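Structure below is run.pdb: PDB, C-alpha atoms.
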```pdb
MODEL        1
ATOM      1  CA  MET X 142      -0.849 -12.541  84.212
ATOM      2  CA  LYS X 143       2.013 -14.356  85.952
ATOM      3  CA  VAL X 144       3.363 -13.013  89.228
ATOM      4  CA  LYS X 145       6.298 -14.144  91.392
ATOM      5  CA  LEU X 146       6.243 -13.414  95.098
ATOM      6  CA  ILE X 147       9.582 -12.621  96.736
ATOM      7  CA  CYS X 148       8.618 -12.183 100.367
ATOM      8  CA  SER X 149       8.357 -13.931 103.690
ATOM      9  CA  ASN X 150       5.873 -16.806 104.167
ATOM     10  CA  THR X 151       3.397 -14.652 106.085
ATOM     11  CA  TYR X 152       2.840 -12.386 103.117
ATOM     12  CA  GLN X 153       3.235 -15.174 100.552
ATOM     13  CA  LEU X 154       0.019 -16.853 101.747
ATOM     14  CA  LEU X 155      -1.934 -13.630 101.916
ATOM     15  CA  LEU X 156      -0.841 -12.358  98.501
ATOM     16  CA  LYS X 157      -1.181 -15.778  96.861
ATOM     17  CA  ASP X 158      -4.817 -16.055  97.974
ATOM     18  CA  PHE X 159      -5.543 -12.480  96.931
ATOM     19  CA  LEU X 160      -3.976 -12.784  93.486
ATOM     20  CA  GLU X 161      -5.226 -16.263  92.636
ATOM     21  CA  ALA X 162      -8.768 -15.208  93.492
ATOM     22  CA  ARG X 163      -8.362 -12.565  90.782
ATOM     23  CA  ASP X 164      -7.077 -14.881  88.056
ATOM     24  CA  PHE X 165      -3.405 -14.113  88.527
ATOM     25  CA  GLN X 166      -1.019 -17.033  88.291
ATOM     26  CA  ILE X 167       1.786 -17.470  90.803
ATOM     27  CA  SER X 168       4.802 -18.669  88.869
ATOM     28  CA  GLU X 169       8.586 -18.702  88.780
ATOM     29  CA  GLN X 170       8.488 -17.459  85.149
ATOM     30  CA  ALA X 171       6.689 -14.208  85.893
ATOM     31  CA  ASP X 172       6.009 -10.838  84.249
ATOM     32  CA  ILE X 173       5.747  -9.008  87.571
ATOM     33  CA  TYR X 174       7.590  -9.515  90.845
ATOM     34  CA  LEU X 175       6.175  -8.455  94.182
ATOM     35  CA  VAL X 176       9.236  -7.929  96.343
ATOM     36  CA  GLU X 177       9.219  -7.366 100.081
ATOM     37  CA  ASN X 178      11.428  -4.460 101.103
ATOM     38  CA  GLY X 179      14.922  -5.770 101.929
ATOM     39  CA  LYS X 180      14.731  -8.839  99.649
ATOM     40  CA  GLU X 181      16.805  -9.045  96.473
ATOM     41  CA  ILE X 182      15.201  -7.375  93.457
ATOM     42  CA  PRO X 183      15.425  -9.436  90.233
ATOM     43  CA  GLU X 184      17.282  -7.819  87.361
ATOM     44  CA  ASP X 185      14.647  -8.735  84.718
ATOM     45  CA  GLY X 186      10.962  -7.892  84.533
ATOM     46  CA  ILE X 187       8.976  -5.405  86.549
ATOM     47  CA  SER X 188       9.370  -5.377  90.318
ATOM     48  CA  ILE X 189       7.027  -3.774  92.811
ATOM     49  CA  VAL X 190       8.761  -3.317  96.147
ATOM     50  CA  PHE X 191       6.455  -3.125  99.155
ATOM     51  CA  ASN X 192       6.853  -2.262 102.786
ATOM     52  CA  PRO X 193       5.434  -5.196 104.833
ATOM     53  CA  GLU X 194       4.064  -2.792 107.398
ATOM     54  CA  LYS X 195       1.966  -1.169 104.732
ATOM     55  CA  ILE X 196       0.660  -4.295 103.044
ATOM     56  CA  ASN X 197      -2.805  -2.732 102.786
ATOM     57  CA  GLN X 198      -1.418  -0.064 100.489
ATOM     58  CA  LEU X 199      -0.065  -2.781  98.215
ATOM     59  CA  ILE X 200      -3.412  -4.570  98.189
ATOM     60  CA  ASP X 201      -5.204  -1.298  97.318
ATOM     61  CA  PHE X 202      -2.686  -0.564  94.596
ATOM     62  CA  LEU X 203      -3.115  -4.006  93.037
ATOM     63  CA  GLU X 204      -6.881  -3.781  93.241
ATOM     64  CA  ASN X 205      -7.158  -0.291  91.771
ATOM     65  CA  LYS X 206      -4.403  -0.163  89.180
ATOM     66  CA  ILE X 207      -3.533  -3.601  87.867
ATOM     67  CA  LEU X 208      -6.953  -5.204  88.164
ATOM     68  CA  ASP X 209      -8.621  -2.176  86.628
ATOM     69  CA  GLN X 210      -6.351  -2.489  83.591
ATOM     70  CA  THR X 211      -7.175  -6.191  83.341
ATOM     71  CA  LYS X 212     -10.884  -5.378  83.339
ATOM     72  CA  LYS X 213     -10.360  -2.737  80.661
ATOM     73  CA  LYS X 214      -8.501  -5.275  78.560
ATOM     74  CA  ALA X 215     -11.323  -7.787  79.059
ATOM     75  CA  ASN X 216     -13.880  -5.171  77.990
ATOM     76  CA  LEU X 217     -11.799  -4.442  74.931
ATOM     77  CA  MET X 218     -11.871  -8.110  74.033
ATOM     78  CA  GLN X 219     -15.667  -8.072  74.298
ATOM     79  CA  GLU X 220     -15.762  -5.689  71.341
ATOM     80  CA  HIS X 221     -14.784  -8.575  69.125
ATOM     81  CA  LEU X 222     -16.240 -11.834  68.011
ATOM     82  CA  ILE X 223     -14.672 -14.933  66.584
ATOM     83  CA  GLY X 224     -15.514 -15.502  62.949
ATOM     84  CA  GLN X 225     -14.764 -18.536  60.836
ATOM     85  CA  LEU X 226     -13.318 -17.901  57.404
ATOM     86  CA  ASP X 227     -12.865 -21.158  55.472
ATOM     87  CA  GLU X 228     -10.857 -23.333  57.895
ATOM     88  CA  ASN X 229      -9.412 -20.414  59.881
ATOM     89  CA  TYR X 230     -10.753 -18.428  62.796
ATOM     90  CA  GLU X 231     -10.249 -14.679  63.005
ATOM     91  CA  ILE X 232     -10.989 -12.014  65.606
ATOM     92  CA  VAL X 233     -13.368  -9.497  64.056
ATOM     93  CA  ASN X 234     -14.045  -6.097  65.596
ATOM     94  CA  TYR X 235     -17.757  -5.258  65.730
ATOM     95  CA  LYS X 236     -17.069  -1.912  64.107
ATOM     96  CA  GLU X 237     -15.887  -3.675  60.950
ATOM     97  CA  ILE X 238     -19.064  -5.721  60.647
ATOM     98  CA  ILE X 239     -21.569  -4.263  58.217
ATOM     99  CA  LEU X 240     -24.266  -6.912  58.329
ATOM    100  CA  PHE X 241     -25.235 -10.152  60.064
ATOM    101  CA  GLU X 242     -27.397 -12.400  57.930
ATOM    102  CA  ALA X 243     -28.983 -15.815  58.313
ATOM    103  CA  GLN X 244     -28.737 -18.177  55.373
ATOM    104  CA  ASN X 245     -30.071 -21.718  55.790
ATOM    105  CA  SER X 246     -29.835 -21.412  59.584
ATOM    106  CA  ILE X 247     -26.171 -20.355  59.396
ATOM    107  CA  ILE X 248     -25.253 -16.861  60.589
ATOM    108  CA  TYR X 249     -22.718 -14.861  58.603
ATOM    109  CA  ALA X 250     -21.035 -11.574  59.470
ATOM    110  CA  SER X 251     -20.106  -9.468  56.440
ATOM    111  CA  THR X 252     -17.322  -6.892  56.555
ATOM    112  CA  ASN X 253     -16.175  -4.753  53.637
ATOM    113  CA  ASN X 254     -14.505  -7.631  51.841
ATOM    114  CA  LYS X 255     -14.970 -10.756  53.940
ATOM    115  CA  LYS X 256     -17.828 -12.936  55.058
ATOM    116  CA  TYR X 257     -17.353 -14.844  58.316
ATOM    117  CA  ARG X 258     -19.417 -17.629  59.750
ATOM    118  CA  VAL X 259     -20.334 -16.966  63.391
ATOM    119  CA  LYS X 260     -21.719 -19.232  66.096
ATOM    120  CA  ASP X 261     -24.146 -16.831  67.768
ATOM    121  CA  LYS X 262     -27.859 -16.832  66.958
ATOM    122  CA  LEU X 263     -29.421 -13.813  65.279
ATOM    123  CA  TYR X 264     -31.645 -13.023  68.288
ATOM    124  CA  GLN X 265     -28.608 -13.146  70.627
ATOM    125  CA  LEU X 266     -26.660 -10.749  68.409
ATOM    126  CA  GLU X 267     -29.701  -8.471  68.212
ATOM    127  CA  GLU X 268     -29.880  -8.254  72.030
ATOM    128  CA  GLU X 269     -26.159  -8.055  72.717
ATOM    129  CA  LEU X 270     -25.210  -5.564  70.018
ATOM    130  CA  ALA X 271     -28.063  -3.062  70.174
ATOM    131  CA  ALA X 272     -25.862  -0.672  72.165
ATOM    132  CA  GLU X 273     -23.125  -0.956  69.526
ATOM    133  CA  GLY X 274     -25.472   0.365  66.827
ATOM    134  CA  PHE X 275     -26.768  -2.907  65.402
ATOM    135  CA  ILE X 276     -30.459  -3.174  64.570
ATOM    136  CA  ARG X 277     -32.658  -5.957  63.176
ATOM    137  CA  ILE X 278     -34.151  -4.958  59.808
ATOM    138  CA  ASN X 279     -36.018  -8.099  58.773
ATOM    139  CA  LYS X 280     -36.369 -11.754  59.718
ATOM    140  CA  SER X 281     -32.883 -12.656  58.566
ATOM    141  CA  GLU X 282     -30.677  -9.552  58.781
ATOM    142  CA  ILE X 283     -29.119  -7.239  61.392
ATOM    143  CA  VAL X 284     -27.351  -4.142  60.145
ATOM    144  CA  ASN X 285     -24.677  -1.887  61.678
ATOM    145  CA  ILE X 286     -25.990   1.692  61.637
ATOM    146  CA  LEU X 287     -22.428   3.000  61.217
ATOM    147  CA  HIS X 288     -22.227   1.352  57.792
ATOM    148  CA  ILE X 289     -25.489   2.676  56.317
ATOM    149  CA  ARG X 290     -24.685   5.201  53.586
ATOM    150  CA  GLU X 291     -28.237   6.245  52.731
ATOM    151  CA  ILE X 292     -31.855   5.404  53.572
ATOM    152  CA  VAL X 293     -34.449   5.517  50.800
ATOM    153  CA  PRO X 294     -38.181   5.422  51.669
ATOM    154  CA  TRP X 295     -39.301   2.384  49.703
ATOM    155  CA  PHE X 296     -42.527   1.074  48.324
ATOM    156  CA  ASN X 297     -45.271  -0.042  50.695
ATOM    157  CA  GLY X 298     -43.885   1.335  53.961
ATOM    158  CA  ARG X 299     -40.527  -0.372  53.653
ATOM    159  CA  LEU X 300     -37.098   1.283  53.664
ATOM    160  CA  LEU X 301     -34.148   0.558  51.424
ATOM    161  CA  LEU X 302     -30.687   0.803  52.968
ATOM    162  CA  LYS X 303     -27.627   1.463  50.838
ATOM    163  CA  LEU X 304     -24.616   0.076  52.702
ATOM    164  CA  ASP X 305     -20.918   0.952  52.617
ATOM    165  CA  ASN X 306     -20.050  -2.288  50.816
ATOM    166  CA  LYS X 307     -22.431  -1.352  47.926
ATOM    167  CA  ARG X 308     -25.018  -3.859  49.078
ATOM    168  CA  GLU X 309     -28.656  -2.855  49.366
ATOM    169  CA  VAL X 310     -30.944  -4.375  51.985
ATOM    170  CA  GLU X 311     -34.581  -3.792  52.841
ATOM    171  CA  VAL X 312     -36.124  -2.939  56.186
ATOM    172  CA  SER X 313     -39.362  -4.922  56.098
ATOM    173  CA  ARG X 314     -42.638  -3.245  56.951
ATOM    174  CA  SER X 315     -42.921  -5.024  60.307
ATOM    175  CA  TYR X 316     -39.427  -3.878  61.378
ATOM    176  CA  ALA X 317     -39.634  -0.344  59.890
ATOM    177  CA  GLY X 318     -41.316   1.177  62.983
ATOM    178  CA  ASN X 319     -38.673  -0.188  65.316
ATOM    179  CA  PHE X 320     -35.934   0.962  62.963
ATOM    180  CA  LYS X 321     -37.321   4.516  62.910
ATOM    181  CA  ASN X 322     -37.567   4.506  66.728
ATOM    182  CA  PHE X 323     -33.927   3.460  66.868
ATOM    183  CA  LEU X 324     -33.038   6.503  64.785
ATOM    184  CA  GLY X 325     -35.109   8.692  67.104
ATOM    185  CA  LEU X 326     -37.972   9.381  64.694
TER     186      LEU X 326
ATOM    187  CA  MET M 263     -47.084 -13.364  44.253
ATOM    188  CA  GLU M 264     -45.476 -11.508  47.178
ATOM    189  CA  LYS M 265     -44.895  -8.412  45.007
ATOM    190  CA  PHE M 266     -48.495  -8.534  43.799
ATOM    191  CA  LYS M 267     -49.735  -8.614  47.399
ATOM    192  CA  GLU M 268     -47.597  -5.566  48.179
ATOM    193  CA  TYR M 269     -49.126  -3.632  45.293
ATOM    194  CA  ILE M 270     -52.593  -4.525  46.565
ATOM    195  CA  TYR M 271     -51.715  -3.405  50.110
ATOM    196  CA  ASN M 272     -50.516  -0.078  48.743
ATOM    197  CA  LEU M 273     -53.330   0.337  46.249
ATOM    198  CA  LEU M 274     -56.179  -0.300  48.716
ATOM    199  CA  PRO M 275     -55.676   2.679  51.078
ATOM    200  CA  SER M 276     -55.117   5.058  48.138
ATOM    201  CA  GLY M 277     -58.256   3.729  46.419
ATOM    202  CA  LEU M 278     -60.259   4.007  49.645
ATOM    203  CA  VAL M 279     -59.470   7.737  49.761
ATOM    204  CA  GLY M 280     -61.298   7.911  46.416
ATOM    205  CA  VAL M 281     -64.262   6.012  47.879
ATOM    206  CA  VAL M 282     -64.471   8.480  50.780
ATOM    207  CA  ILE M 283     -64.492  11.378  48.299
ATOM    208  CA  ALA M 284     -67.302   9.685  46.314
ATOM    209  CA  ILE M 285     -69.393   9.276  49.487
ATOM    210  CA  PHE M 286     -68.694  12.891  50.460
ATOM    211  CA  GLU M 287     -69.799  14.043  46.988
ATOM    212  CA  ASN M 288     -73.000  11.981  47.210
ATOM    213  CA  LEU M 289     -73.896  13.178  50.709
ATOM    214  CA  PHE M 290     -73.074  16.879  50.482
ATOM    215  CA  LEU M 291     -72.580  17.983  46.868
ATOM    216  CA  ASN M 292     -74.620  15.883  44.495
ATOM    217  CA  PRO M 293     -77.166  13.567  46.145
ATOM    218  CA  ASN M 294     -78.441  12.515  42.707
ATOM    219  CA  SER M 295     -75.102  10.998  41.632
ATOM    220  CA  ASN M 296     -74.797   7.244  41.126
ATOM    221  CA  LEU M 297     -72.893   6.364  44.290
ATOM    222  CA  LEU M 298     -71.666   2.931  43.170
ATOM    223  CA  ASN M 299     -70.410   4.306  39.860
ATOM    224  CA  SER M 300     -68.658   7.222  41.544
ATOM    225  CA  MET M 301     -67.111   4.948  44.160
ATOM    226  CA  LEU M 302     -65.620   2.668  41.485
ATOM    227  CA  ILE M 303     -64.284   5.541  39.369
ATOM    228  CA  TYR M 304     -62.858   7.467  42.348
ATOM    229  CA  PHE M 305     -61.361   4.265  43.731
ATOM    230  CA  ALA M 306     -59.527   3.779  40.417
ATOM    231  CA  PHE M 307     -58.232   7.370  40.450
ATOM    232  CA  GLY M 308     -57.090   7.164  44.080
ATOM    233  CA  ALA M 309     -55.368   3.831  43.503
ATOM    234  CA  VAL M 310     -53.571   5.071  40.379
ATOM    235  CA  ILE M 311     -52.425   8.359  41.941
ATOM    236  CA  GLY M 312     -51.265   6.731  45.203
ATOM    237  CA  THR M 313     -49.454   3.818  43.577
ATOM    238  CA  VAL M 314     -47.836   5.736  40.723
ATOM    239  CA  SER M 315     -46.702   8.561  43.037
ATOM    240  CA  GLU M 316     -45.060   6.257  45.545
ATOM    241  CA  LEU M 317     -43.344   4.278  42.797
ATOM    242  CA  ALA M 318     -42.122   7.411  41.024
ATOM    243  CA  VAL M 319     -40.744   9.119  44.159
ATOM    244  CA  SER M 320     -39.055   6.010  45.566
ATOM    245  CA  TRP M 321     -37.487   5.077  42.249
ATOM    246  CA  THR M 322     -36.193   8.596  41.484
ATOM    247  CA  ILE M 323     -34.689   9.078  44.957
ATOM    248  CA  TYR M 324     -33.162   5.596  44.763
ATOM    249  CA  LYS M 325     -31.593   6.260  41.361
ATOM    250  CA  THR M 326     -30.629   9.928  41.634
ATOM    251  CA  SER M 327     -31.073  11.147  45.272
ATOM    252  CA  SER M 328     -32.357  14.349  43.628
ATOM    253  CA  LYS M 329     -35.262  16.233  45.189
ATOM    254  CA  GLN M 330     -36.008  18.233  42.020
ATOM    255  CA  LEU M 331     -36.068  15.151  39.818
ATOM    256  CA  SER M 332     -38.437  13.374  42.196
ATOM    257  CA  TYR M 333     -40.947  16.259  41.889
ATOM    258  CA  LEU M 334     -40.627  16.151  38.117
ATOM    259  CA  ALA M 335     -41.013  12.354  37.988
ATOM    260  CA  VAL M 336     -44.155  12.332  40.154
ATOM    261  CA  ILE M 337     -45.782  15.174  38.235
ATOM    262  CA  LEU M 338     -45.050  13.499  34.898
ATOM    263  CA  ALA M 339     -45.975   9.963  35.979
ATOM    264  CA  ASP M 340     -49.218  10.985  37.688
ATOM    265  CA  GLY M 341     -50.176  13.316  34.829
ATOM    266  CA  VAL M 342     -49.651  10.645  32.178
ATOM    267  CA  SER M 343     -51.332   7.812  34.118
ATOM    268  CA  VAL M 344     -54.398   9.876  35.071
ATOM    269  CA  PHE M 345     -54.665  11.161  31.499
ATOM    270  CA  LEU M 346     -54.634   7.555  30.204
ATOM    271  CA  LEU M 347     -57.271   6.578  32.781
ATOM    272  CA  LEU M 348     -59.469   9.502  31.705
ATOM    273  CA  MET M 349     -59.160   8.460  28.065
ATOM    274  CA  LEU M 350     -60.053   4.888  29.026
ATOM    275  CA  LEU M 351     -63.155   6.084  30.863
ATOM    276  CA  GLY M 352     -64.075   8.407  27.947
ATOM    277  CA  THR M 353     -64.262  11.481  30.219
ATOM    278  CA  HIS M 354     -63.440  13.823  27.333
ATOM    279  CA  GLN M 355     -66.449  12.503  25.376
ATOM    280  CA  VAL M 356     -68.915  12.885  28.259
ATOM    281  CA  TYR M 357     -67.648  16.045  30.037
ATOM    282  CA  GLY M 358     -65.318  17.633  27.455
ATOM    283  CA  TRP M 359     -61.605  18.518  27.478
ATOM    284  CA  ASN M 360     -62.047  21.208  30.115
ATOM    285  CA  ALA M 361     -63.012  18.561  32.665
ATOM    286  CA  VAL M 362     -59.969  16.485  31.655
ATOM    287  CA  LEU M 363     -57.698  19.503  32.165
ATOM    288  CA  ASN M 364     -59.222  20.289  35.577
ATOM    289  CA  ILE M 365     -58.842  16.699  36.794
ATOM    290  CA  ILE M 366     -55.209  16.623  35.625
ATOM    291  CA  LEU M 367     -54.482  19.903  37.414
ATOM    292  CA  ILE M 368     -55.977  18.540  40.661
ATOM    293  CA  THR M 369     -53.911  15.390  40.170
ATOM    294  CA  GLU M 370     -50.725  17.421  39.731
ATOM    295  CA  GLY M 371     -51.485  19.286  42.959
ATOM    296  CA  LEU M 372     -51.861  15.966  44.790
ATOM    297  CA  ALA M 373     -48.687  14.644  43.142
ATOM    298  CA  PHE M 374     -46.792  17.714  44.323
ATOM    299  CA  PHE M 375     -47.945  17.119  47.930
ATOM    300  CA  ILE M 376     -47.022  13.451  47.804
ATOM    301  CA  ALA M 377     -43.564  14.331  46.440
ATOM    302  CA  TYR M 378     -43.111  16.974  49.156
ATOM    303  CA  PHE M 379     -43.970  14.587  52.014
ATOM    304  CA  SER M 380     -41.855  11.783  50.546
ATOM    305  CA  ASN M 381     -38.851  14.095  50.228
ATOM    306  CA  GLN M 382     -39.385  15.334  53.769
ATOM    307  CA  LYS M 383     -39.412  11.737  54.997
ATOM    308  CA  TYR M 384     -36.203  11.017  53.048
ATOM    309  CA  LYS M 385     -34.519  14.092  54.576
ATOM    310  CA  ASP M 386     -35.613  13.269  58.159
ATOM    311  CA  LEU M 387     -34.495   9.654  57.892
ATOM    312  CA  ASN M 388     -31.018  10.549  56.645
ATOM    313  CA  GLU M 389     -30.524  13.440  59.057
ATOM    314  CA  ASN M 390     -31.429  11.190  61.977
ATOM    315  CA  LEU M 391     -29.150   8.485  60.606
ATOM    316  CA  GLU M 392     -26.209  10.895  60.581
ATOM    317  CA  SER M 393     -26.879  12.157  64.113
ATOM    318  CA  LYS M 394     -27.232   8.566  65.376
ATOM    319  CA  LYS M 395     -23.912   7.690  63.739
ATOM    320  CA  GLU M 396     -22.256  10.737  65.302
ATOM    321  CA  SER M 397     -23.595   9.871  68.760
ATOM    322  CA  LEU M 398     -22.273   6.301  68.428
ATOM    323  CA  ILE M 399     -18.861   7.455  67.192
ATOM    324  CA  GLY M 400     -18.674  10.223  69.835
ATOM    325  CA  ARG M 401     -19.387   7.720  72.596
ATOM    326  CA  ASP M 402     -16.204   5.784  71.722
TER     327      ASP M 402
ENDMDL
END
```
Whole structure given in structure tokens:
Amino acid sequence: MKVKLICSNTYQLLLKDFLEARDFQISEQADIYLVENGKEIPEDGISIVFNPEKINQLIDFLENKILDQTKKKANLMQEHLIGQLDENYEIVNYKEIILFEAQNSIIYASTNNKKYRVKDKLYQLEEELAAEGFIRINKSEIVNILHIREIVPWFNGRLLLKLDNKREVEVSRSYAGNFKNFLGL
Amino acid sequence: MEKFKEYIYNLLPSGLVGVVIAIFENLFLNPNSNLLNSMLIYFAFGAVIGTVSELAVSWTIYKTSSKQLSYLAVILADGVSVFLLLMLLGTHQVYGWNAVLNIILITEGLAFFIAYFSNQKYKDLNENLESKKESLIGRD
């Protein structure tokens, strides 16, 4: 986020250090103006007027409000991954992904009607997305629990999963125990 | 080859139940019985009942999701396969049709139990799936 400081040099240095350390950019073309009380308030954009005697209050405000929002936005971005579809790249929300599968060492993420190529390894996705409801079901597939329509006990200790996109995948015998634990059985 | 291995893995434990029954019969009920013969015959029965039941339940649930139909399928499939096995072994010639009927009735009882436990497993899995989904959605 770009910020312009309209204040005396004493506060300029302090605020510049504070903001730049938190990934803000000090710029003339800014979204937010920090204006010292008594200085001219710009007509455009958002201005925050502060009393120089209470600079600590401004620092607390920036830390608690603006930076908190930035973190939330960053967390929101972490709910996505970048998928390659033909020559294009798209942001895909994890919730849309039904299945990750490895085919000839390439990892694909399948949604309801698209199949993206992703850069992550299967074991990385397995670790990172367990909390999002993704679980490994065999050597080459990770499934999103939210997109399983039905589980059928299958032959020889395996399980058959019917998915939302009409696909059917098998939980292999060696992964069936872990899968049941994940469901709380 | 992989499918064949899977059938063997499934068939062995079911058949071994038959072997245990043969040993039990020899030790406590009929010490004069030919143990090897009994073990082979009981192994065949166990393997057939176990394999056919699991196939019938899984396939019916997969195709219809119906509990009632899965009971019917297991009872029919086990009844027919054990009847064919009895004919192959000539049980009716040696022990008469009464023995055939008794064995089929015992088989149907076993088939009913297998269908019950398979349906229970199906129900538990899907109930837990739904509650897991709800907990994940509720968290958001």
**OP:** Please identify every residue of chain M that has at least one atom no more than 6 Å from any atom of chain X, counting only C-alpha atoms, and report them as a PyMOL selection string.
**Re:** chain M and resi 272+320+390+395
Please produce a file of the residues just selected, as a PDB file, in the frame of the given file, where the atoms kept are C-alpha atoms.
```pdb
ATOM      1  CA  ASN M 272     -50.516  -0.078  48.743  1.00  0.00           C
ATOM      2  CA  SER M 320     -39.055   6.010  45.566  1.00  0.00           C
ATOM      3  CA  ASN M 390     -31.429  11.190  61.977  1.00  0.00           C
ATOM      4  CA  LYS M 395     -23.912   7.690  63.739  1.00  0.00           C
TER       5      LYS M 395
END
```
Original post:
Applied to the shown file, which residues does the PyMOL selection byres ((chain X and resi 281) around 7) return, written as a PyMOL selection string?
Top reply: chain X and resi 242-243+279-280+282
Subject >> Picked residues, the PyMOL selection byres ((chain M and resi 376) around 10), expected as a count of residues only >> reply: 20
For the provided coordinates, the residues matched by the PyMOL selection byres ((chain X and resi 166) around 8) should be stated as a compact mmCIF listing (two decimals) with C-alpha atoms, keeping the file's coordinate frame.
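Just written: part.txt:
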```txt
# COMPACT_ATOMS: atom_id res chain seq x y z
CA MET X 142 -0.85 -12.54 84.21
CA LYS X 143 2.01 -14.36 85.95
CA VAL X 144 3.36 -13.01 89.23
CA LEU X 160 -3.98 -12.78 93.49
CA GLU X 161 -5.23 -16.26 92.64
CA ASP X 164 -7.08 -14.88 88.06
CA PHE X 165 -3.40 -14.11 88.53
CA ILE X 167 1.79 -17.47 90.80
CA SER X 168 4.80 -18.67 88.87
```
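All residues of protein, DNA or RNA that reach within 8 Å of segment 192-200 of chain X, judged by only C-alpha atoms and not counting those fewer than 4 positions away in the chain, are X:Tyr152, X:Glu177, X:Asn178, X:Glu204.
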**OP:** Mind checking which residues fall within 10 Å of segment 281-296 of chain M, counting only C-alpha atoms, ignoring those fewer than 6 positions away in the same chain, and posting them as an NGL selection string?
**Re:** :M and (275 or 302-308)
Original post:
How many Å lie between atom CA of Leu350 of chain M and atom CA of Leu363 of chain M, rounded to one decimal?
Top reply: 15.1 Å
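Taking atom CA of Glu268 of chain X and atom CA of Glu389 of chain M as endpoints, the distance between them is 25.3 Å.
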**OP:** Grab the atom CA of Val190 of chain X to atom CA of Leu175 of chain X distance for me, in Å with one decimal place.
**Re:**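 It comes out at 6.1 Å.
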